[in-house]
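Notes follow once the structure below has been shown.
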Amino acid sequence: MSEENSNPLHRVFSLLADHYGPLHWWPADTPFEVAIGAILTQNTAWTNVEKAIANLRREGALEAHVMRGLSRSTLEELIRPAGFFRQKAERLHLFVAHLFAGHGGSLERLLDGPLDEVRTALLAQKGIGPETADSILLYAGGHPSFVVDAYTRRLLERLALIDGGESYQQIRSFFMENLPADTELFNEYHALIVELCKDVCRKRAPRCSLCPLLSVCPTGALTDSPS
DNA sequence: GCCCAGGTGGGTA
DNA sequence: TACCCACATGGG
């Protein structure tokens, strides 16, 4: 048996990739937009983030220097649809301020460097926790840093690959120690997990946290465990 | 009306 | 370290 089949993470990826095909993910046009979206989507449905992003785009504020020049109240109003708007407006302003304070306003420059060093620098920013940092690293910076989100955790629990009590870092390590450090692979893997969960939620389950992922898995190949 | 969403930071024991 | 809570809008 090849490693493809003996490694459960390889097997899950193959099933999802065969079913959905290449996704080449993060719905954003620029690295800066990725970072802004990553902050705005914290504990928030993406459909709400889209409204906020559209408002920012209309004002030209998807560029760091423009966002920096916005008053706090204006920024709050633009991102209001994404929820937690006061908190997130502060985080966005702190983020762009840091960009200009240490990196000439360039996100690319901030992200240029060894993965671990850049990750530590991101985590030092107020409002950027592990998931947001990894999303920015992977989707804006092209770093092979695996993103663990609620969907990832839910899927692994359903597959009994974790018991549910694991920390973010433990789950991230589980992926990164069992997969090659490949940016494209991590990009696709996380995107496929989100696609699967949204697909399942759209079709069958009124509440995502209760999705019977395995029993309705569209690949049909993950249905060999009770939900 | 009620539940939940691609988290994070601060407070308390 | 391990919980608990605030943060807020919009869709099902």
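Numbering starts fresh at 1 for the residues of each chain in the structure tokens, the chains themselves are lettered A, B, ... in the order given, and ligands are numbered from 1 as they appear.
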Inset, instruction - For Leu137 in chain A, work out the shell of residues within 8 Å, counting only C-alpha atoms (C1' of nucleotides) and skipping chain neighbours fewer than 5 positions away, then give it as a ChimeraX atom specification. - result: /A:111,115,118-119,142-145
May I have the selected residues written with N, CA and C atoms, as a PDB file, in the first residue's frame?
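As a result, out_37.pdb now contains:
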```
ATOM      1  N   LEU A 111       5.695  40.148   5.282  1.00  0.00           N
ATOM      2  CA  LEU A 111       5.597  38.689   5.145  1.00  0.00           C
ATOM      3  C   LEU A 111       6.865  38.056   4.593  1.00  0.00           C
ATOM      4  N   LEU A 115       9.274  31.569   7.856  1.00  0.00           N
ATOM      5  CA  LEU A 115       7.912  31.336   8.350  1.00  0.00           C
ATOM      6  C   LEU A 115       7.785  31.574   9.848  1.00  0.00           C
ATOM      7  N   VAL A 118       8.128  35.283  10.863  1.00  0.00           N
ATOM      8  CA  VAL A 118       6.996  36.116  10.431  1.00  0.00           C
ATOM      9  C   VAL A 118       5.765  35.775  11.251  1.00  0.00           C
ATOM     10  N   ARG A 119       5.598  34.495  11.543  1.00  0.00           N
ATOM     11  CA  ARG A 119       4.428  34.067  12.317  1.00  0.00           C
ATOM     12  C   ARG A 119       4.466  34.679  13.715  1.00  0.00           C
ATOM     13  N   GLY A 142       2.112  33.118   0.988  1.00  0.00           N
ATOM     14  CA  GLY A 142       2.633  31.946   0.308  1.00  0.00           C
ATOM     15  C   GLY A 142       3.505  31.058   1.182  1.00  0.00           C
ATOM     16  N   HIS A 143       3.370  31.202   2.497  1.00  0.00           N
ATOM     17  CA  HIS A 143       4.140  30.352   3.413  1.00  0.00           C
ATOM     18  C   HIS A 143       3.373  29.052   3.684  1.00  0.00           C
ATOM     19  N   PRO A 144       4.049  27.932   3.777  1.00  0.00           N
ATOM     20  CA  PRO A 144       3.376  26.653   4.067  1.00  0.00           C
ATOM     21  C   PRO A 144       3.009  26.547   5.544  1.00  0.00           C
ATOM     22  N   SER A 145       2.000  27.281   5.955  1.00  0.00           N
ATOM     23  CA  SER A 145       1.537  27.278   7.344  1.00  0.00           C
ATOM     24  C   SER A 145       0.090  26.813   7.344  1.00  0.00           C
TER      25      SER A 145
END
```
Inset, instruction - Could you tell me, as a ChimeraX atom specification, which residues of range 102-136 of chain A DSSP assigns to alpha helix (DSSP H) when given the backbone? - result: /A:102-103,107-110,115-123,130-135
Got time to write the residues from that selection, N, CA and C atoms, as a PDB file, in the first residue's frame?
```pdb
ATOM      1  N   GLY A 102       6.723  49.596  10.654  1.00  0.00           N
ATOM      2  CA  GLY A 102       7.902  48.746  10.542  1.00  0.00           C
ATOM      3  C   GLY A 102       8.228  48.229   9.162  1.00  0.00           C
ATOM      4  N   HIS A 103       7.323  48.440   8.197  1.00  0.00           N
ATOM      5  CA  HIS A 103       7.512  47.792   6.906  1.00  0.00           C
ATOM      6  C   HIS A 103       7.162  48.690   5.720  1.00  0.00           C
ATOM      7  N   LEU A 107       2.654  45.040   3.049  1.00  0.00           N
ATOM      8  CA  LEU A 107       2.378  43.721   3.637  1.00  0.00           C
ATOM      9  C   LEU A 107       3.372  42.692   3.115  1.00  0.00           C
ATOM     10  N   GLU A 108       3.721  42.824   1.834  1.00  0.00           N
ATOM     11  CA  GLU A 108       4.674  41.889   1.239  1.00  0.00           C
ATOM     12  C   GLU A 108       6.000  41.901   2.006  1.00  0.00           C
ATOM     13  N   ARG A 109       6.397  43.098   2.423  1.00  0.00           N
ATOM     14  CA  ARG A 109       7.659  43.214   3.162  1.00  0.00           C
ATOM     15  C   ARG A 109       7.525  42.586   4.553  1.00  0.00           C
ATOM     16  N   LEU A 110       6.377  42.810   5.172  1.00  0.00           N
ATOM     17  CA  LEU A 110       6.131  42.199   6.481  1.00  0.00           C
ATOM     18  C   LEU A 110       6.205  40.670   6.387  1.00  0.00           C
ATOM     19  N   LEU A 115       9.274  31.569   7.856  1.00  0.00           N
ATOM     20  CA  LEU A 115       7.912  31.336   8.350  1.00  0.00           C
ATOM     21  C   LEU A 115       7.785  31.574   9.848  1.00  0.00           C
ATOM     22  N   ASP A 116       8.614  30.932  10.640  1.00  0.00           N
ATOM     23  CA  ASP A 116       8.454  31.024  12.092  1.00  0.00           C
ATOM     24  C   ASP A 116       8.634  32.446  12.606  1.00  0.00           C
ATOM     25  N   GLU A 117       9.554  33.167  12.008  1.00  0.00           N
ATOM     26  CA  GLU A 117       9.794  34.546  12.450  1.00  0.00           C
ATOM     27  C   GLU A 117       8.628  35.450  12.085  1.00  0.00           C
ATOM     28  N   VAL A 118       8.128  35.283  10.863  1.00  0.00           N
ATOM     29  CA  VAL A 118       6.996  36.116  10.431  1.00  0.00           C
ATOM     30  C   VAL A 118       5.765  35.775  11.251  1.00  0.00           C
ATOM     31  N   ARG A 119       5.598  34.495  11.543  1.00  0.00           N
ATOM     32  CA  ARG A 119       4.428  34.067  12.317  1.00  0.00           C
ATOM     33  C   ARG A 119       4.466  34.679  13.715  1.00  0.00           C
ATOM     34  N   THR A 120       5.618  34.645  14.331  1.00  0.00           N
ATOM     35  CA  THR A 120       5.771  35.235  15.666  1.00  0.00           C
ATOM     36  C   THR A 120       5.455  36.728  15.637  1.00  0.00           C
ATOM     37  N   ALA A 121       5.924  37.396  14.583  1.00  0.00           N
ATOM     38  CA  ALA A 121       5.675  38.833  14.456  1.00  0.00           C
ATOM     39  C   ALA A 121       4.179  39.107  14.294  1.00  0.00           C
ATOM     40  N   LEU A 122       3.506  38.287  13.507  1.00  0.00           N
ATOM     41  CA  LEU A 122       2.066  38.472  13.319  1.00  0.00           C
ATOM     42  C   LEU A 122       1.321  38.244  14.630  1.00  0.00           C
ATOM     43  N   LEU A 123       1.695  37.200  15.346  1.00  0.00           N
ATOM     44  CA  LEU A 123       1.001  36.857  16.591  1.00  0.00           C
ATOM     45  C   LEU A 123       1.196  37.918  17.666  1.00  0.00           C
ATOM     46  N   PRO A 130      -3.750  32.763  16.240  1.00  0.00           N
ATOM     47  CA  PRO A 130      -3.141  31.733  15.404  1.00  0.00           C
ATOM     48  C   PRO A 130      -3.846  31.495  14.066  1.00  0.00           C
ATOM     49  N   GLU A 131      -5.178  31.447  14.065  1.00  0.00           N
ATOM     50  CA  GLU A 131      -5.847  31.170  12.795  1.00  0.00           C
ATOM     51  C   GLU A 131      -5.681  32.329  11.809  1.00  0.00           C
ATOM     52  N   THR A 132      -5.848  33.534  12.303  1.00  0.00           N
ATOM     53  CA  THR A 132      -5.693  34.703  11.439  1.00  0.00           C
ATOM     54  C   THR A 132      -4.261  34.786  10.922  1.00  0.00           C
ATOM     55  N   ALA A 133      -3.306  34.530  11.791  1.00  0.00           N
ATOM     56  CA  ALA A 133      -1.900  34.568  11.390  1.00  0.00           C
ATOM     57  C   ALA A 133      -1.623  33.530  10.307  1.00  0.00           C
ATOM     58  N   ASP A 134      -2.106  32.321  10.510  1.00  0.00           N
ATOM     59  CA  ASP A 134      -1.847  31.276   9.523  1.00  0.00           C
ATOM     60  C   ASP A 134      -2.550  31.548   8.195  1.00  0.00           C
ATOM     61  N   SER A 135      -3.741  32.119   8.258  1.00  0.00           N
ATOM     62  CA  SER A 135      -4.443  32.474   7.022  1.00  0.00           C
ATOM     63  C   SER A 135      -3.646  33.508   6.232  1.00  0.00           C
TER      64      SER A 135
END
```
Quick one: residues within 10 Å of range 1-11 of chain C, only C-alpha atoms (C1' of nucleotides), excluding same-chain residues fewer than 6 positions away - as a PDB file with N, CA and C atoms (P, O5', C5', C4', C3', O3' and C1' of nucleotides), in the first residue's frame?
```
ATOM      1  N   THR A  44     -17.223  34.983  12.248  1.00  0.00           N
ATOM      2  CA  THR A  44     -18.243  35.659  11.446  1.00  0.00           C
ATOM      3  C   THR A  44     -18.456  34.921  10.129  1.00  0.00           C
ATOM      4  N   ALA A  45     -19.704  34.856   9.702  1.00  0.00           N
ATOM      5  CA  ALA A  45     -20.015  34.205   8.432  1.00  0.00           C
ATOM      6  C   ALA A  45     -19.425  35.017   7.275  1.00  0.00           C
ATOM      7  N   THR A  47     -20.414  35.543   4.338  1.00  0.00           N
ATOM      8  CA  THR A  47     -21.378  36.372   3.597  1.00  0.00           C
ATOM      9  C   THR A  47     -21.442  37.787   4.200  1.00  0.00           C
ATOM     10  N   ASN A  48     -21.275  37.879   5.510  1.00  0.00           N
ATOM     11  CA  ASN A  48     -21.267  39.195   6.149  1.00  0.00           C
ATOM     12  C   ASN A  48     -19.965  39.935   5.861  1.00  0.00           C
ATOM     13  N   VAL A  49     -18.879  39.173   5.797  1.00  0.00           N
ATOM     14  CA  VAL A  49     -17.586  39.783   5.482  1.00  0.00           C
ATOM     15  C   VAL A  49     -17.615  40.369   4.074  1.00  0.00           C
ATOM     16  N   ILE A  79     -17.315  48.636   7.885  1.00  0.00           N
ATOM     17  CA  ILE A  79     -17.208  47.199   8.183  1.00  0.00           C
ATOM     18  C   ILE A  79     -18.330  46.704   9.078  1.00  0.00           C
ATOM     19  N   ARG A  80     -19.258  47.558   9.398  1.00  0.00           N
ATOM     20  CA  ARG A  80     -20.342  47.191  10.315  1.00  0.00           C
ATOM     21  C   ARG A  80     -21.015  45.860   9.976  1.00  0.00           C
ATOM     22  N   PRO A  81     -21.294  45.573   8.697  1.00  0.00           N
ATOM     23  CA  PRO A  81     -21.973  44.310   8.388  1.00  0.00           C
ATOM     24  C   PRO A  81     -21.209  43.065   8.838  1.00  0.00           C
ATOM     25  N   ALA A  82     -19.924  43.182   9.059  1.00  0.00           N
ATOM     26  CA  ALA A  82     -19.132  42.009   9.454  1.00  0.00           C
ATOM     27  C   ALA A  82     -19.210  41.738  10.955  1.00  0.00           C
ATOM     28  N   GLY A  83     -19.945  42.590  11.688  1.00  0.00           N
ATOM     29  CA  GLY A  83     -20.073  42.335  13.115  1.00  0.00           C
ATOM     30  C   GLY A  83     -18.825  42.690  13.909  1.00  0.00           C
ATOM     31  N   PHE A  84     -18.958  42.752  15.220  1.00  0.00           N
ATOM     32  CA  PHE A  84     -17.828  43.133  16.102  1.00  0.00           C
ATOM     33  C   PHE A  84     -17.088  44.323  15.504  1.00  0.00           C
ATOM     34  N   PHE A  85     -17.850  45.290  14.965  1.00  0.00           N
ATOM     35  CA  PHE A  85     -17.200  46.294  14.111  1.00  0.00           C
ATOM     36  C   PHE A  85     -16.279  47.250  14.860  1.00  0.00           C
ATOM     37  N   ARG A  86     -16.586  47.539  16.129  1.00  0.00           N
ATOM     38  CA  ARG A  86     -15.684  48.439  16.874  1.00  0.00           C
ATOM     39  C   ARG A  86     -14.345  47.743  17.121  1.00  0.00           C
ATOM     40  N   GLN A  87     -14.449  46.512  17.572  1.00  0.00           N
ATOM     41  CA  GLN A  87     -13.251  45.721  17.857  1.00  0.00           C
ATOM     42  C   GLN A  87     -12.423  45.505  16.585  1.00  0.00           C
ATOM     43  N   LYS A  88     -13.104  45.166  15.500  1.00  0.00           N
ATOM     44  CA  LYS A  88     -12.380  44.878  14.262  1.00  0.00           C
ATOM     45  C   LYS A  88     -11.800  46.145  13.630  1.00  0.00           C
TER      46      LYS A  88
ATOM     47  P    DC B   4     -26.344  26.826  18.655  1.00  0.00           P
ATOM     48  O5'  DC B   4     -25.495  27.450  17.473  1.00  0.00           O
ATOM     49  C5'  DC B   4     -25.695  26.964  16.149  1.00  0.00           C
ATOM     50  C4'  DC B   4     -25.101  27.935  15.166  1.00  0.00           C
ATOM     51  C3'  DC B   4     -23.637  28.264  15.452  1.00  0.00           C
ATOM     52  O3'  DC B   4     -22.864  27.887  14.331  1.00  0.00           O
ATOM     53  C1'  DC B   4     -24.909  30.215  14.930  1.00  0.00           C
ATOM     54  P    DA B   5     -21.296  27.725  14.466  1.00  0.00           P
ATOM     55  O5'  DA B   5     -20.767  28.677  13.296  1.00  0.00           O
ATOM     56  C5'  DA B   5     -21.299  28.525  11.995  1.00  0.00           C
ATOM     57  C4'  DA B   5     -21.049  29.774  11.198  1.00  0.00           C
ATOM     58  C3'  DA B   5     -19.574  30.206  11.155  1.00  0.00           C
ATOM     59  O3'  DA B   5     -19.298  30.784   9.886  1.00  0.00           O
ATOM     60  C1'  DA B   5     -20.867  31.921  12.097  1.00  0.00           C
ATOM     61  P    DT B   8      -7.612  33.842  15.913  1.00  0.00           P
ATOM     62  O5'  DT B   8      -7.867  34.916  17.058  1.00  0.00           O
ATOM     63  C5'  DT B   8      -8.222  36.236  16.689  1.00  0.00           C
ATOM     64  C4'  DT B   8      -8.328  37.106  17.922  1.00  0.00           C
ATOM     65  C3'  DT B   8      -7.202  36.891  18.941  1.00  0.00           C
ATOM     66  O3'  DT B   8      -6.533  38.128  19.136  1.00  0.00           O
ATOM     67  C1'  DT B   8      -9.350  36.883  19.975  1.00  0.00           C
ATOM     68  P    DG B   9      -5.361  38.250  20.149  1.00  0.00           P
ATOM     69  O5'  DG B   9      -6.069  38.925  21.396  1.00  0.00           O
ATOM     70  C5'  DG B   9      -6.884  40.057  21.183  1.00  0.00           C
ATOM     71  C4'  DG B   9      -7.423  40.556  22.504  1.00  0.00           C
ATOM     72  C3'  DG B   9      -6.406  40.600  23.636  1.00  0.00           C
ATOM     73  O3'  DG B   9      -6.676  41.752  24.420  1.00  0.00           O
ATOM     74  C1'  DG B   9      -8.179  39.165  24.241  1.00  0.00           C
ATOM     75  P    DG B  10      -5.736  42.196  25.578  1.00  0.00           P
ATOM     76  O5'  DG B  10      -6.660  42.118  26.868  1.00  0.00           O
ATOM     77  C5'  DG B  10      -7.966  42.690  26.840  1.00  0.00           C
ATOM     78  C4'  DG B  10      -8.733  42.224  28.047  1.00  0.00           C
ATOM     79  C3'  DG B  10      -7.907  42.166  29.335  1.00  0.00           C
ATOM     80  O3'  DG B  10      -8.665  42.727  30.403  1.00  0.00           O
ATOM     81  C1'  DG B  10      -8.921  40.077  28.942  1.00  0.00           C
ATOM     82  P    DG B  11      -8.033  42.945  31.827  1.00  0.00           P
ATOM     83  O5'  DG B  11      -8.902  41.984  32.755  1.00  0.00           O
ATOM     84  C5'  DG B  11     -10.337  42.028  32.696  1.00  0.00           C
ATOM     85  C4'  DG B  11     -10.885  40.816  33.420  1.00  0.00           C
ATOM     86  C3'  DG B  11     -10.240  40.571  34.774  1.00  0.00           C
ATOM     87  O3'  DG B  11     -11.247  40.435  35.770  1.00  0.00           O
ATOM     88  C1'  DG B  11     -10.209  38.587  33.462  1.00  0.00           C
ATOM     89  P    DT B  12     -10.880  40.446  37.324  1.00  0.00           P
ATOM     90  O5'  DT B  12     -11.035  38.908  37.705  1.00  0.00           O
ATOM     91  C5'  DT B  12     -12.252  38.218  37.408  1.00  0.00           C
ATOM     92  C4'  DT B  12     -12.048  36.729  37.641  1.00  0.00           C
ATOM     93  C3'  DT B  12     -11.331  36.396  38.946  1.00  0.00           C
ATOM     94  O3'  DT B  12     -12.146  35.536  39.726  1.00  0.00           O
ATOM     95  C1'  DT B  12     -10.413  35.183  37.140  1.00  0.00           C
ATOM     96  P    DA B  13     -11.737  35.109  41.207  1.00  0.00           P
ATOM     97  O5'  DA B  13     -11.243  33.606  41.016  1.00  0.00           O
ATOM     98  C5'  DA B  13     -12.119  32.598  40.512  1.00  0.00           C
ATOM     99  C4'  DA B  13     -11.381  31.276  40.452  1.00  0.00           C
ATOM    100  C3'  DA B  13     -10.586  30.939  41.719  1.00  0.00           C
ATOM    101  O3'  DA B  13     -10.697  29.549  42.008  1.00  0.00           O
ATOM    102  C1'  DA B  13      -9.140  30.954  39.882  1.00  0.00           C
TER     103       DA B  13
END
```
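Closest to chain C among A:Val34, A:Ala89, A:Leu70, A:Leu9 is A:Ala89, based on only C-alpha atoms (C1' of nucleotides).
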Which residues of chain A come within 10 Å of chain B, and for each one, what is the closest pair of atoms and their distance in Å to one decimal, counting only C-alpha atoms (C1' of nucleotides), sorted by chain and residue number, as a tab-separated table?
```
residue	atom	partner	partner_atom	distance
A:Ala38	CA	B:DG6	C1'	8.4
A:Ile39	CA	B:DG7	C1'	8.8
A:Leu40	CA	B:DG7	C1'	9.9
A:Thr41	CA	B:DG6	C1'	6.5
A:Gln42	CA	B:DG7	C1'	4.7
A:Asn43	CA	B:DG7	C1'	5.1
A:Thr44	CA	B:DA5	C1'	4.6
A:Ala45	CA	B:DA5	C1'	4.4
A:Trp46	CA	B:DG6	C1'	7.3
A:Thr47	CA	B:DA5	C1'	9.6
A:Asn48	CA	B:DA5	C1'	9.4
A:Gln87	CA	B:DT8	C1'	9.9
A:Lys126	CA	B:DG9	C1'	8.0
A:Gly127	CA	B:DT8	C1'	5.9
A:Ile128	CA	B:DT8	C1'	7.2
A:Gly129	CA	B:DT8	C1'	6.2
A:Pro130	CA	B:DG7	C1'	8.9
A:Glu131	CA	B:DG7	C1'	7.6
A:Thr132	CA	B:DG7	C1'	8.0
A:Ser135	CA	B:DG6	C1'	9.6
A:Val147	CA	B:DG6	C1'	9.6
A:Val148	CA	B:DG6	C1'	9.0
A:Asp149	CA	B:DG6	C1'	5.9
A:Ala150	CA	B:DG6	C1'	6.6
A:Tyr151	CA	B:DG6	C1'	7.1
A:Thr152	CA	B:DG6	C1'	9.2
A:His190	CA	B:DG6	C1'	9.8
A:Ala191	CA	B:DG6	C1'	9.9
A:Val194	CA	B:DG6	C1'	7.4
A:Pro206	CA	B:DC3	C1'	9.5
A:Arg207	CA	B:DC4	C1'	6.9
A:Cys208	CA	B:DC4	C1'	7.6
A:Ser209	CA	B:DC4	C1'	8.0
```
Atoms to include: C-alpha atoms. Write the selected residues as a PDB file, in the first residue's frame.
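Heads up, here's the output in out13.pdb:
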```pdb
ATOM      1  CA  ALA A  38      -8.886  37.202   7.608  1.00  0.00           C
ATOM      2  CA  ILE A  39      -9.430  39.724  10.379  1.00  0.00           C
ATOM      3  CA  LEU A  40     -13.001  40.493   9.365  1.00  0.00           C
ATOM      4  CA  THR A  41     -14.048  36.849   9.235  1.00  0.00           C
ATOM      5  CA  GLN A  42     -13.151  36.170  12.845  1.00  0.00           C
ATOM      6  CA  ASN A  43     -16.123  34.303  14.290  1.00  0.00           C
ATOM      7  CA  THR A  44     -18.243  35.659  11.446  1.00  0.00           C
ATOM      8  CA  ALA A  45     -20.015  34.205   8.432  1.00  0.00           C
ATOM      9  CA  TRP A  46     -18.207  34.995   5.185  1.00  0.00           C
ATOM     10  CA  THR A  47     -21.378  36.372   3.597  1.00  0.00           C
ATOM     11  CA  ASN A  48     -21.267  39.195   6.149  1.00  0.00           C
ATOM     12  CA  GLN A  87     -13.251  45.721  17.857  1.00  0.00           C
ATOM     13  CA  LYS A 126      -3.307  42.655  18.894  1.00  0.00           C
ATOM     14  CA  GLY A 127      -6.224  40.990  17.136  1.00  0.00           C
ATOM     15  CA  ILE A 128      -4.146  38.470  15.243  1.00  0.00           C
ATOM     16  CA  GLY A 129      -4.377  35.039  16.795  1.00  0.00           C
ATOM     17  CA  PRO A 130      -3.141  31.733  15.404  1.00  0.00           C
ATOM     18  CA  GLU A 131      -5.847  31.170  12.795  1.00  0.00           C
ATOM     19  CA  THR A 132      -5.693  34.703  11.439  1.00  0.00           C
ATOM     20  CA  SER A 135      -4.443  32.474   7.022  1.00  0.00           C
ATOM     21  CA  VAL A 147      -4.750  26.883   8.789  1.00  0.00           C
ATOM     22  CA  VAL A 148      -6.867  25.280  11.485  1.00  0.00           C
ATOM     23  CA  ASP A 149     -10.396  26.605  11.742  1.00  0.00           C
ATOM     24  CA  ALA A 150     -13.718  25.471  13.151  1.00  0.00           C
ATOM     25  CA  TYR A 151     -14.371  23.440   9.999  1.00  0.00           C
ATOM     26  CA  THR A 152     -11.025  21.698  10.226  1.00  0.00           C
ATOM     27  CA  HIS A 190      -7.959  24.081   3.853  1.00  0.00           C
ATOM     28  CA  ALA A 191     -10.078  25.319   0.962  1.00  0.00           C
ATOM     29  CA  VAL A 194     -14.272  24.684   3.993  1.00  0.00           C
ATOM     30  CA  PRO A 206     -29.605  23.905   9.582  1.00  0.00           C
ATOM     31  CA  ARG A 207     -26.826  24.247  12.140  1.00  0.00           C
ATOM     32  CA  CYS A 208     -23.253  23.848  11.088  1.00  0.00           C
ATOM     33  CA  SER A 209     -22.060  22.746  14.492  1.00  0.00           C
TER      34      SER A 209
END
```
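Each of A:Glu59, A:Glu184, A:Glu76, A:Glu195 was compared to chain C using only C-alpha atoms (C1' of nucleotides), and A:Glu76 turns out to be the nearest.
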Inset, instruction - Would you work out the distance separating CA of Glu77 in chain A from CA of Arg57 in chain A, expressed in Å to one decimal? - result: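 Answer for the CA of Glu77 in chain A to CA of Arg57 in chain A separation: 13.4 Å.
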